[in-house]
$ cat structure.cif   # mmCIF, C-alpha atoms
data_protein
#
loop_
_atom_site.label_atom_id
_atom_site.label_comp_id
_atom_site.auth_asym_id
_atom_site.auth_seq_id
_atom_site.Cartn_x
_atom_site.Cartn_y
_atom_site.Cartn_z
CA MET A 1 42.22 9.95 -125.32
CA THR A 2 39.52 11.14 -122.95
CA GLY A 3 39.09 14.73 -121.77
CA VAL A 4 40.30 13.83 -118.31
CA ALA A 5 43.47 12.28 -119.71
CA ILE A 6 44.20 15.41 -121.74
CA VAL A 7 43.84 17.61 -118.67
CA HIS A 8 46.18 15.27 -116.81
CA SER A 9 48.76 15.36 -119.59
CA HIS A 10 48.78 19.18 -119.53
CA GLN A 11 49.17 19.10 -115.80
CA PHE A 12 51.92 16.50 -116.01
CA GLU A 13 53.86 18.56 -118.54
CA ALA A 14 53.45 21.80 -116.59
CA VAL A 15 54.62 20.23 -113.33
CA LEU A 16 57.49 18.54 -115.16
CA GLN A 17 58.54 21.87 -116.65
CA LEU A 18 58.59 23.43 -113.19
CA ALA A 19 60.54 20.48 -111.81
CA ASP A 20 63.11 20.77 -114.62
CA ASP A 21 63.64 24.49 -113.95
CA HIS A 22 64.35 23.74 -110.29
CA LEU A 23 66.53 20.67 -110.88
CA ILE A 24 68.76 22.30 -113.49
CA LEU A 25 69.21 25.53 -111.53
CA GLY A 26 69.76 23.49 -108.35
CA GLN A 27 72.47 21.51 -110.14
CA ARG A 28 74.07 24.71 -111.44
CA VAL A 29 74.05 26.46 -108.05
CA SER A 30 75.43 23.36 -106.31
CA GLU A 31 78.48 23.56 -108.60
CA TRP A 32 79.51 26.47 -106.35
CA CYS A 33 79.81 24.22 -103.30
CA GLY A 34 83.36 24.68 -101.99
CA HIS A 35 84.17 27.47 -104.47
CA ALA A 36 82.30 30.52 -103.16
CA PRO A 37 84.24 33.72 -102.40
CA MET A 38 83.75 33.27 -98.65
CA LEU A 39 82.46 30.68 -96.18
CA GLU A 40 79.11 32.34 -95.42
CA GLU A 41 78.38 32.57 -99.12
CA ASP A 42 79.40 28.97 -99.69
CA LEU A 43 76.76 27.99 -97.12
CA GLY A 44 74.28 30.41 -98.65
CA LEU A 45 74.68 29.03 -102.17
CA ALA A 46 74.57 25.41 -100.97
CA ASN A 47 71.41 26.20 -99.01
CA MET A 48 69.76 27.80 -102.01
CA ALA A 49 70.71 24.82 -104.17
CA LEU A 50 69.20 22.55 -101.52
CA ASP A 51 65.94 24.52 -101.57
CA LEU A 52 65.77 24.17 -105.35
CA LEU A 53 66.56 20.45 -105.32
CA GLY A 54 64.01 19.88 -102.56
CA GLN A 55 61.36 21.73 -104.53
CA SER A 56 62.25 19.81 -107.69
CA ARG A 57 61.97 16.54 -105.81
CA ALA A 58 58.47 17.33 -104.58
CA LEU A 59 57.50 18.37 -108.12
CA TYR A 60 58.98 15.27 -109.81
CA ALA A 61 57.27 13.01 -107.28
CA TYR A 62 53.97 14.71 -108.04
CA ALA A 63 54.56 14.60 -111.81
CA ALA A 64 55.20 10.85 -111.55
CA GLU A 65 51.97 10.47 -109.58
CA ILE A 66 49.97 12.42 -112.19
CA GLU A 67 51.51 10.48 -115.07
CA ASP A 68 50.79 7.18 -113.30
CA ALA A 69 52.84 5.24 -115.85
CA GLY A 70 55.26 3.47 -113.56
CA ARG A 71 57.99 6.11 -113.81
CA SER A 72 59.47 7.31 -110.52
CA GLU A 73 60.75 10.76 -109.56
CA ASP A 74 64.27 9.46 -110.22
CA ASP A 75 63.34 8.22 -113.70
CA LEU A 76 61.98 11.65 -114.55
CA ALA A 77 64.96 13.51 -113.11
CA PHE A 78 67.76 11.30 -114.37
CA LEU A 79 66.69 9.20 -117.32
CA ARG A 80 65.28 11.54 -119.93
CA LEU A 81 67.07 12.82 -123.00
CA GLU A 82 68.17 16.41 -123.48
CA ARG A 83 65.31 17.33 -125.82
CA GLN A 84 62.79 16.05 -123.27
CA TYR A 85 63.84 18.57 -120.61
CA LEU A 86 61.51 21.58 -120.55
CA ASN A 87 63.52 24.00 -118.41
CA CYS A 88 63.97 27.57 -119.55
CA LEU A 89 67.35 28.60 -120.95
CA LEU A 90 68.10 30.99 -118.07
CA VAL A 91 68.58 28.19 -115.53
CA GLU A 92 71.06 26.25 -117.66
CA ARG A 93 73.35 29.24 -118.27
CA PRO A 94 76.86 28.56 -116.96
CA ASN A 95 77.74 29.95 -113.53
CA GLY A 96 80.26 32.46 -114.86
CA ASP A 97 81.57 34.61 -112.02
CA PHE A 98 79.78 35.20 -108.73
CA ALA A 99 77.90 38.21 -110.17
CA HIS A 100 76.49 36.06 -112.99
CA SER A 101 75.30 33.34 -110.61
CA ILE A 102 73.74 35.75 -108.12
CA LEU A 103 71.96 37.69 -110.87
CA ARG A 104 70.63 34.49 -112.48
CA GLN A 105 69.30 33.42 -109.08
CA LEU A 106 67.65 36.82 -108.54
CA TYR A 107 65.96 36.72 -111.95
CA PHE A 108 64.57 33.26 -111.28
CA ALA A 109 63.56 33.83 -107.64
CA ALA A 110 61.86 37.14 -108.46
CA PHE A 111 59.70 35.15 -110.89
CA MET A 112 59.03 32.09 -108.72
CA HIS A 113 58.16 34.08 -105.61
CA PRO A 114 54.96 35.64 -107.05
CA PHE A 115 54.33 32.36 -108.93
CA TRP A 116 54.21 30.33 -105.71
CA GLN A 117 52.47 33.14 -103.85
CA TRP A 118 49.62 32.87 -106.35
CA ALA A 119 49.58 29.08 -106.23
CA SER A 120 49.67 28.80 -102.43
CA THR A 121 46.36 30.63 -102.10
CA ASN A 122 44.61 30.22 -105.47
CA SER A 123 45.56 26.84 -106.94
CA THR A 124 42.71 24.38 -107.28
CA ASP A 125 45.28 21.60 -106.83
CA GLU A 126 45.82 20.70 -103.18
CA THR A 127 49.29 19.16 -103.65
CA LEU A 128 50.59 22.19 -105.55
CA ARG A 129 49.13 24.48 -102.86
CA GLY A 130 51.21 22.58 -100.30
CA ILE A 131 54.43 22.72 -102.35
CA ALA A 132 53.78 26.40 -103.07
CA GLY A 133 53.16 27.27 -99.42
CA LYS A 134 56.71 26.31 -98.53
CA ALA A 135 58.46 27.34 -101.72
CA GLU A 136 56.97 30.84 -101.61
CA LYS A 137 58.71 31.61 -98.35
CA GLU A 138 61.95 29.97 -99.42
CA MET A 139 62.06 32.00 -102.63
CA ALA A 140 61.48 35.19 -100.62
CA TYR A 141 64.80 34.42 -98.90
CA HIS A 142 66.49 33.99 -102.28
CA VAL A 143 65.15 37.30 -103.58
CA ARG A 144 66.31 39.10 -100.47
CA HIS A 145 69.73 37.48 -100.36
CA CYS A 146 70.51 37.89 -104.06
CA GLY A 147 68.92 41.35 -104.19
CA GLU A 148 71.21 42.55 -101.41
CA TRP A 149 74.22 41.17 -103.30
CA VAL A 150 73.23 42.81 -106.58
CA VAL A 151 72.98 46.18 -104.78
CA ARG A 152 76.32 45.62 -103.06
CA LEU A 153 78.03 44.68 -106.31
CA GLY A 154 76.42 47.40 -108.43
CA ASP A 155 77.04 50.14 -105.87
CA GLY A 156 80.42 48.71 -104.85
CA THR A 157 83.84 49.04 -106.45
CA GLY A 158 84.54 49.78 -110.10
CA GLU A 159 85.41 46.12 -110.57
CA SER A 160 82.25 44.76 -108.91
CA ALA A 161 80.04 47.23 -110.79
CA ALA A 162 81.60 46.24 -114.11
CA ARG A 163 81.04 42.56 -113.36
CA ILE A 164 77.38 42.86 -112.40
CA LYS A 165 76.83 45.10 -115.46
CA ALA A 166 78.41 42.39 -117.64
CA ALA A 167 76.12 39.81 -116.01
CA VAL A 168 73.03 41.92 -116.81
CA ASP A 169 74.20 42.24 -120.44
CA ALA A 170 74.76 38.48 -120.67
CA LEU A 171 71.61 37.25 -118.93
CA HIS A 172 68.80 39.77 -119.29
CA HIS A 173 67.71 38.54 -122.73
CA TYR A 174 66.99 35.10 -121.22
CA THR A 175 64.38 36.48 -118.80
CA ASP A 176 61.56 36.94 -121.30
CA GLU A 177 61.19 33.17 -121.60
CA LEU A 178 59.96 33.03 -117.99
CA PHE A 179 56.76 34.76 -119.10
CA GLN A 180 56.17 32.82 -122.30
CA GLY A 181 54.87 29.73 -120.59
CA SER A 182 53.77 26.87 -122.82
CA ALA A 183 50.57 25.25 -124.03
CA ALA A 184 50.59 23.06 -120.93
CA MET A 185 51.05 26.05 -118.61
CA ALA A 186 48.28 27.94 -120.41
CA ALA A 187 45.91 24.98 -120.01
CA CYS A 188 46.74 24.79 -116.29
CA ALA A 189 46.17 28.55 -115.95
CA GLU A 190 42.73 28.13 -117.48
CA ASP A 191 41.84 25.59 -114.79
CA ALA A 192 43.40 27.77 -112.06
CA ILE A 193 45.87 25.03 -111.26
CA LEU A 194 48.84 27.33 -111.86
CA PRO A 195 49.04 31.10 -112.51
CA ASP A 196 48.95 32.71 -115.92
CA VAL A 197 52.67 33.51 -116.09
CA GLU A 198 52.16 36.69 -118.09
CA THR A 199 50.28 38.20 -115.13
CA LEU A 200 53.42 37.81 -113.01
CA ARG A 201 55.42 40.21 -115.16
CA PRO A 202 54.49 43.42 -113.23
CA ALA A 203 55.60 41.89 -109.91
CA TRP A 204 58.87 40.64 -111.44
CA THR A 205 59.56 43.96 -113.14
CA ALA A 206 58.84 45.89 -109.93
CA THR A 207 61.30 43.74 -107.94
CA ILE A 208 64.05 43.99 -110.56
CA THR A 209 63.52 47.72 -111.15
CA ASN A 210 63.63 48.42 -107.42
CA ILE A 211 66.85 46.45 -106.92
CA PHE A 212 68.53 47.78 -110.07
CA ALA A 213 67.74 51.38 -109.04
CA GLN A 214 69.59 50.81 -105.75
CA ALA A 215 72.38 48.99 -107.59
CA LEU A 216 72.81 51.88 -110.05
CA LEU A 217 72.04 49.49 -112.90
CA GLU A 218 69.79 50.11 -115.86
CA VAL A 219 67.13 47.62 -116.90
CA PRO A 220 68.08 46.96 -120.52
CA ASP A 221 65.65 46.74 -123.42
CA VAL A 222 65.70 43.30 -124.95
CA ALA A 223 65.60 43.31 -128.76
CA HIS A 224 65.96 39.56 -129.25
CA PRO A 225 64.66 37.42 -126.38
CA GLN A 226 66.31 34.01 -126.21
CA THR A 227 63.82 31.14 -126.02
CA GLY A 228 63.50 27.46 -126.86
CA GLY A 229 63.88 25.64 -123.56
CA ARG A 230 60.14 25.13 -123.13
CA ILE A 231 60.08 23.01 -126.30
CA GLY A 232 63.28 21.17 -125.49
CA GLU A 233 65.64 23.28 -127.58
CA HIS A 234 68.58 23.91 -125.31
CA GLY A 235 71.99 25.51 -125.49
CA GLU A 236 75.21 23.57 -125.87
CA GLU A 237 75.75 23.69 -122.09
CA MET A 238 72.69 21.55 -121.37
CA GLY A 239 74.37 18.37 -122.56
CA HIS A 240 77.31 19.02 -120.28
CA ILE A 241 75.01 19.48 -117.28
CA LEU A 242 73.18 16.24 -118.04
CA ALA A 243 76.45 14.34 -118.54
CA GLU A 244 77.34 15.12 -114.95
CA LEU A 245 73.82 14.92 -113.54
CA GLN A 246 72.95 11.58 -115.14
CA TYR A 247 76.35 9.91 -114.93
CA MET A 248 75.56 7.76 -111.90
CA GLN A 249 72.20 6.46 -113.13
CA ARG A 250 73.55 5.80 -116.64
CA THR A 251 76.64 4.01 -115.36
CA PHE A 252 74.98 2.03 -112.60
CA PRO A 253 71.30 1.70 -113.65
CA ASN A 254 68.83 1.63 -110.75
CA LEU A 255 71.51 2.54 -108.25
CA GLN A 256 69.99 3.70 -104.97
CA TRP A 257 71.50 5.36 -101.92
CA MET B 1 51.78 -4.89 -75.21
CA ALA B 2 48.53 -3.77 -76.78
CA SER B 3 46.20 -6.43 -78.07
CA PRO B 4 43.91 -5.78 -81.03
CA ALA B 5 40.93 -5.93 -78.67
CA THR B 6 42.03 -2.79 -76.84
CA THR B 7 42.50 -0.84 -80.07
CA GLY B 8 40.98 2.57 -79.66
CA THR B 9 41.68 5.93 -78.13
CA LEU B 10 43.93 4.42 -75.48
CA ASP B 11 46.17 2.87 -78.15
CA ALA B 12 46.11 6.03 -80.23
CA ALA B 13 47.22 8.04 -77.21
CA ARG B 14 50.00 5.56 -76.48
CA ALA B 15 51.12 5.59 -80.13
CA TRP B 16 51.13 9.38 -80.09
CA ALA B 17 53.25 9.43 -76.96
CA ALA B 18 55.78 7.03 -78.52
CA ALA B 19 56.03 8.96 -81.79
CA ALA B 20 55.93 12.41 -80.17
CA ALA B 21 59.05 11.70 -78.09
CA VAL B 22 61.27 11.26 -81.17
CA PRO B 23 63.95 13.97 -81.22
CA ASP B 24 64.75 15.96 -84.36
CA PRO B 25 67.98 14.48 -85.81
CA GLU B 26 69.59 17.86 -86.47
CA VAL B 27 68.27 19.80 -83.47
CA PRO B 28 67.95 17.03 -80.85
CA CYS B 29 66.83 19.39 -78.07
CA VAL B 30 63.34 19.43 -79.57
CA THR B 31 60.99 16.58 -80.48
CA VAL B 32 58.99 16.12 -83.66
CA ALA B 33 55.91 17.09 -81.64
CA ASP B 34 57.57 20.30 -80.37
CA LEU B 35 58.33 21.25 -83.98
CA GLY B 36 54.77 20.56 -85.10
CA ILE B 37 55.90 18.17 -87.82
CA LEU B 38 54.10 15.18 -86.28
CA ARG B 39 50.58 16.11 -87.34
CA ASN B 40 48.61 13.16 -86.04
CA VAL B 41 48.83 9.50 -85.06
CA THR B 42 45.83 7.26 -85.59
CA ILE B 43 45.09 3.58 -85.38
CA GLU B 44 43.78 2.32 -88.71
CA ASP B 45 42.94 -1.38 -89.05
CA GLY B 46 45.29 -2.17 -86.19
CA VAL B 47 48.17 -0.21 -87.72
CA ALA B 48 49.59 2.92 -86.11
CA VAL B 49 49.67 5.57 -88.84
CA ALA B 50 51.84 8.61 -88.19
CA TYR B 51 51.15 11.69 -90.31
CA VAL B 52 54.38 13.61 -90.75
CA THR B 53 54.89 16.84 -92.66
CA PRO B 54 58.27 17.88 -94.09
CA THR B 55 59.75 21.18 -92.93
CA TYR B 56 61.91 22.96 -95.50
CA SER B 57 61.68 21.67 -99.10
CA GLY B 58 65.30 20.63 -99.18
CA CYS B 59 65.59 19.37 -95.62
CA PRO B 60 67.75 16.22 -95.81
CA ALA B 61 66.42 15.05 -92.44
CA VAL B 62 62.93 14.22 -93.72
CA LEU B 63 63.68 10.56 -94.34
CA ALA B 64 65.63 10.20 -91.08
CA ILE B 65 62.68 11.66 -89.17
CA GLU B 66 60.20 9.32 -90.83
CA LEU B 67 62.38 6.28 -90.11
CA ALA B 68 62.87 7.34 -86.48
CA VAL B 69 59.12 7.78 -85.96
CA GLU B 70 58.44 4.40 -87.52
CA ALA B 71 61.10 2.78 -85.32
CA ALA B 72 59.64 4.40 -82.21
CA LEU B 73 56.20 3.01 -83.04
CA LEU B 74 57.62 -0.46 -83.73
CA ASN B 75 59.51 -0.36 -80.42
CA ALA B 76 56.27 0.50 -78.65
CA GLY B 77 54.75 -2.68 -80.07
CA PHE B 78 52.77 -1.25 -82.96
CA GLU B 79 52.65 -2.17 -86.58
CA ALA B 80 53.50 1.17 -88.12
CA ARG B 81 53.10 3.19 -91.27
CA ILE B 82 54.18 6.74 -92.13
CA GLU B 83 52.08 9.06 -94.25
CA ARG B 84 53.74 12.18 -95.63
CA VAL B 85 51.42 15.20 -95.52
CA MET B 86 52.23 18.05 -97.93
CA THR B 87 49.16 20.24 -97.43
CA PRO B 88 48.88 22.52 -95.58
CA ALA B 89 52.57 23.39 -95.71
CA TRP B 90 54.47 23.34 -92.43
CA THR B 91 55.27 26.72 -90.97
CA THR B 92 57.56 27.71 -88.11
CA ASP B 93 54.42 29.11 -86.44
CA TRP B 94 53.57 25.49 -85.58
CA ILE B 95 56.57 25.16 -83.25
CA THR B 96 55.01 24.98 -79.78
CA PRO B 97 55.82 27.62 -77.13
CA GLU B 98 57.56 24.81 -75.21
CA GLY B 99 59.59 23.98 -78.33
CA CYS B 100 60.61 27.64 -78.72
CA GLU B 101 61.74 27.71 -75.10
CA LYS B 102 63.81 24.53 -75.60
CA LEU B 103 65.45 26.05 -78.68
CA ARG B 104 66.36 29.19 -76.77
CA ALA B 105 67.81 27.17 -73.89
CA TYR B 106 69.84 25.18 -76.43
CA GLY B 107 71.34 28.40 -77.86
CA ILE B 108 69.20 28.75 -80.97
CA ALA B 109 67.05 31.87 -81.27
CA PRO B 110 63.50 30.63 -81.97
CA PRO B 111 61.62 31.95 -85.00
CA VAL B 112 59.66 35.15 -84.60
CA LYS B 113 55.97 34.22 -84.91
CA GLY B 114 54.05 35.55 -87.85
CA SER B 115 57.09 37.18 -89.50
CA ASN B 116 56.69 34.83 -92.40
CA SER B 117 58.98 36.77 -94.72
CA LYS B 118 56.27 37.25 -97.34
CA MET B 119 58.40 39.85 -99.07
CA ALA B 120 60.16 42.04 -96.58
CA LEU B 121 62.84 42.95 -99.10
CA PHE B 122 65.80 44.35 -97.18
CA GLY B 123 63.59 44.43 -94.09
CA GLU B 124 65.15 43.34 -90.79
CA THR B 125 63.36 41.61 -87.93
CA VAL B 126 64.87 42.16 -84.50
CA ILE B 127 66.26 38.88 -83.17
CA ASN B 128 67.14 38.59 -79.48
CA CYS B 129 70.32 36.81 -78.44
CA PRO B 130 69.37 33.40 -76.96
CA ARG B 131 72.18 33.70 -74.40
CA CYS B 132 72.01 37.21 -72.95
CA GLY B 133 68.66 38.36 -74.35
CA SER B 134 70.09 41.51 -75.95
CA SER B 135 68.38 42.87 -79.03
CA ASP B 136 71.69 44.35 -80.21
CA THR B 137 72.36 41.56 -82.69
CA GLN B 138 73.62 41.43 -86.24
CA LYS B 139 72.88 39.05 -89.11
CA ILE B 140 76.06 37.45 -90.43
CA SER B 141 74.46 35.23 -93.03
CA GLU B 142 70.92 34.60 -94.22
CA PHE B 143 71.90 30.93 -94.45
CA GLY B 144 73.47 28.91 -91.64
CA SER B 145 74.71 25.44 -90.88
CA THR B 146 71.46 23.72 -91.87
CA ALA B 147 68.56 24.56 -94.18
CA CYS B 148 66.52 25.80 -91.24
CA LYS B 149 68.95 28.26 -89.70
CA ALA B 150 70.47 31.69 -90.28
CA HIS B 151 73.69 32.88 -88.66
CA TYR B 152 73.81 35.83 -86.24
CA THR B 153 76.16 37.37 -83.76
CA CYS B 154 75.36 39.23 -80.55
CA LYS B 155 77.06 42.60 -80.23
CA ALA B 156 76.36 42.74 -76.47
CA CYS B 157 77.89 39.41 -75.36
CA ALA B 158 79.92 38.82 -78.55
CA GLU B 159 78.60 35.25 -78.93
CA PRO B 160 77.68 33.92 -82.36
CA PHE B 161 74.35 32.07 -82.53
CA ASP B 162 71.93 30.38 -84.90
CA TYR B 163 68.47 31.73 -85.63
CA PHE B 164 65.70 29.34 -86.66
CA LYS B 165 64.52 30.76 -89.99
CA CYS B 166 60.86 31.67 -90.36
CA ILE B 167 58.97 30.03 -93.14
#
$ encode --input "structure.cif" --output "structure tokens"
Amino acid sequence: MTGVAIVHSHQFEAVLQLADDHLILGQRVSEWCGHAPMLEEDLGLANMALDLLGQSRALYAYAAEIEDAGRSEDDLAFLRLERQYLNCLLVERPNGDFAHSILRQLYFAAFMHPFWQWASTNSTDETLRGIAGKAEKEMAYHVRHCGEWVVRLGDGTGESAARIKAAVDALHHYTDELFQGSAAMAACAEDAILPDVETLRPAWTATITNIFAQALLEVPDVAHPQTGGRIGEHGEEMGHILAELQYMQRTFPNLQW
Amino acid sequence: MASPATTGTLDAARAWAAAAAVPDPEVPCVTVADLGILRNVTIEDGVAVAYVTPTYSGCPAVLAIELAVEAALLNAGFEARIERVMTPAWTTDWITPEGCEKLRAYGIAPPVKGSNSKMALFGETVINCPRCGSSDTQKISEFGSTACKAHYTCKACAEPFDYFKCI
């Protein structure tokens, strides 16, 4: 393998990992369609899912282009096996109640917003700069929307406060994985293609601390961070997501709209 | 009908005019040129090439827009090709002043220029009602009927309205 090919394979894997995060969370959030607590929120969740799926599509298309091996964006999204998906564990967590879903979205958006903000101005990769330029602003909406909800729930009724507190207890130990990156991400950071994810931690922590303070929530200490997604080791739920996500392509191979 | 011999700026201008008149499928009061998503139209080796940039990442209208632009060029007698441009990313700041005025007349509050929501956490931008012009408006939902709109209501004239989200 030549040096150029190795760089490309790092870049392919890093873009694929990003695409997987967005596809799996997009699939999860879209499960809310028709089930949200009120109409405006049903539209809100569907819109956020659409943003994530749109971003994943741009990323898969670019990953396919980098790989240049005849696989399409659909092949990458729908025809890989569970262990080949590189998404973090946070995004595959089940929806739970509304508080769980909103908090999961806030955790992810508060990470992706500074991630894309860095990439839109600093990335040496023109295509990623373009994807980032849009995604950065879309994720700002997600942070704002979910942040407002977390405050409303935390500083709301006894019931809503208990539910968002339960969501923090259930999900916070999945957030560390966002900053662990991977060998591919580290290689891309070295070439200034994508940010060094560890450097995004202060921005993420500031956003979460600010929102939690208003929501009367405490930021918990995590003794045992949950990781494994970046090397394809997923929770039991991942297979269930893929069963639904891949059903159409597995049942009717090469089906197109 | 243009012949290959006349290929040049005249043809490029005619191709632009044909493509630029295509209305947005979801907000038909404005054209793709008004929205700033038709970036350029050139004649390359006798083929009209339209450079189109997607708006919001998840906008389901992207394909419909590309097909409509291609059809408009074919109808105008050109061989046509669409090139999707990702960089630089589209921003609502590219909507022309004329496009903003058409949106307002249609009942959609146009985006506020330069308020690109970098991170105005909990910050509110004042949106004027497209019907009565009052600034006494209230956000109902950050997300509206399409990916590009938020939902507001006017407290002065009591009308609900859409606001074109800034990105």
$ closest_residue --input "structure.cif" --among "A:Leu79, A:Ala140, A:Leu50, A:Ala19" --to "A:Phe252" --atoms "all atoms listed in the file"
A:Leu79
$ interface_residues --input "structure.cif" --of "chain A" --to "chain B" --cutoff "6 Å" --atoms "all atoms listed in the file" --output "MDAnalysis selection string"
chainID A and resid 40 44 47 50:51 54:55 130 133:134 137 140 144
$ resolve_selection --input "structure.cif" --expression "the PyMOL selection byres ((chain A and resi 99) around 10)" --output "MDAnalysis selection string"
chainID A and resid 95:98 100:105 146 149:150 153:154 160:168
$ write_last_selection --input "structure.cif" --atoms "C-alpha atoms" --output "compact mmCIF listing (two decimals), in the coordinates of the input"
# COMPACT_ATOMS: atom_id res chain seq x y z
CA ASN A 95 77.74 29.95 -113.53
CA GLY A 96 80.26 32.46 -114.86
CA ASP A 97 81.57 34.61 -112.02
CA PHE A 98 79.78 35.20 -108.73
CA HIS A 100 76.49 36.06 -112.99
CA SER A 101 75.30 33.34 -110.61
CA ILE A 102 73.74 35.75 -108.12
CA LEU A 103 71.96 37.69 -110.87
CA ARG A 104 70.63 34.49 -112.48
CA GLN A 105 69.30 33.42 -109.08
CA CYS A 146 70.51 37.89 -104.06
CA TRP A 149 74.22 41.17 -103.30
CA VAL A 150 73.23 42.81 -106.58
CA LEU A 153 78.03 44.68 -106.31
CA GLY A 154 76.42 47.40 -108.43
CA SER A 160 82.25 44.76 -108.91
CA ALA A 161 80.04 47.23 -110.79
CA ALA A 162 81.60 46.24 -114.11
CA ARG A 163 81.04 42.56 -113.36
CA ILE A 164 77.38 42.86 -112.40
CA LYS A 165 76.83 45.10 -115.46
CA ALA A 166 78.41 42.39 -117.64
CA ALA A 167 76.12 39.81 -116.01
CA VAL A 168 73.03 41.92 -116.81
$ residues_around --input "structure.cif" --residues "B:Pro111" --least-positions-apart "3" --cutoff "9 Å" --atoms "only C-alpha atoms" --output "PDB file with C-alpha atoms, in the frame of the given file"
ATOM      1  CA  THR B  92      57.560  27.710 -88.110  1.00  0.00           C
ATOM      2  CA  ASP B  93      54.420  29.110 -86.440  1.00  0.00           C
ATOM      3  CA  ILE B  95      56.570  25.160 -83.250  1.00  0.00           C
ATOM      4  CA  CYS B 100      60.610  27.640 -78.720  1.00  0.00           C
ATOM      5  CA  GLY B 114      54.050  35.550 -87.850  1.00  0.00           C
ATOM      6  CA  SER B 115      57.090  37.180 -89.500  1.00  0.00           C
ATOM      7  CA  ILE B 127      66.260  38.880 -83.170  1.00  0.00           C
ATOM      8  CA  TYR B 163      68.470  31.730 -85.630  1.00  0.00           C
ATOM      9  CA  PHE B 164      65.700  29.340 -86.660  1.00  0.00           C
ATOM     10  CA  LYS B 165      64.520  30.760 -89.990  1.00  0.00           C
ATOM     11  CA  CYS B 166      60.860  31.670 -90.360  1.00  0.00           C
ATOM     12  CA  ILE B 167      58.970  30.030 -93.140  1.00  0.00           C
TER      13      ILE B 167
END
$ resolve_selection --input "structure.cif" --expression "the PyMOL selection byres ((chain B and resi 16) around 10)" --output "list of chain:residue names"
B:Leu10, B:Asp11, B:Ala12, B:Ala13, B:Arg14, B:Ala15, B:Ala17, B:Ala18, B:Ala19, B:Ala20, B:Ala21, B:Ala33, B:Leu38, B:Arg39, B:Asn40, B:Val41, B:Thr42, B:Ile43, B:Ala48, B:Val49, B:Ala50, B:Leu73
$ residues_around --input "structure.cif" --residues "A:Thr207" --least-positions-apart "3" --cutoff "12 Å" --atoms "only C-alpha atoms" --output "PyMOL selection string"
(chain A and resi 106-114+140+143-144+146-148+200-204+210-214+219) or (chain B and resi 119-122)
$ atom_distance --input "structure.cif" --atom1 "atom CA of A:Leu25" --atom2 "atom CA of B:Val27"
28.7 Å
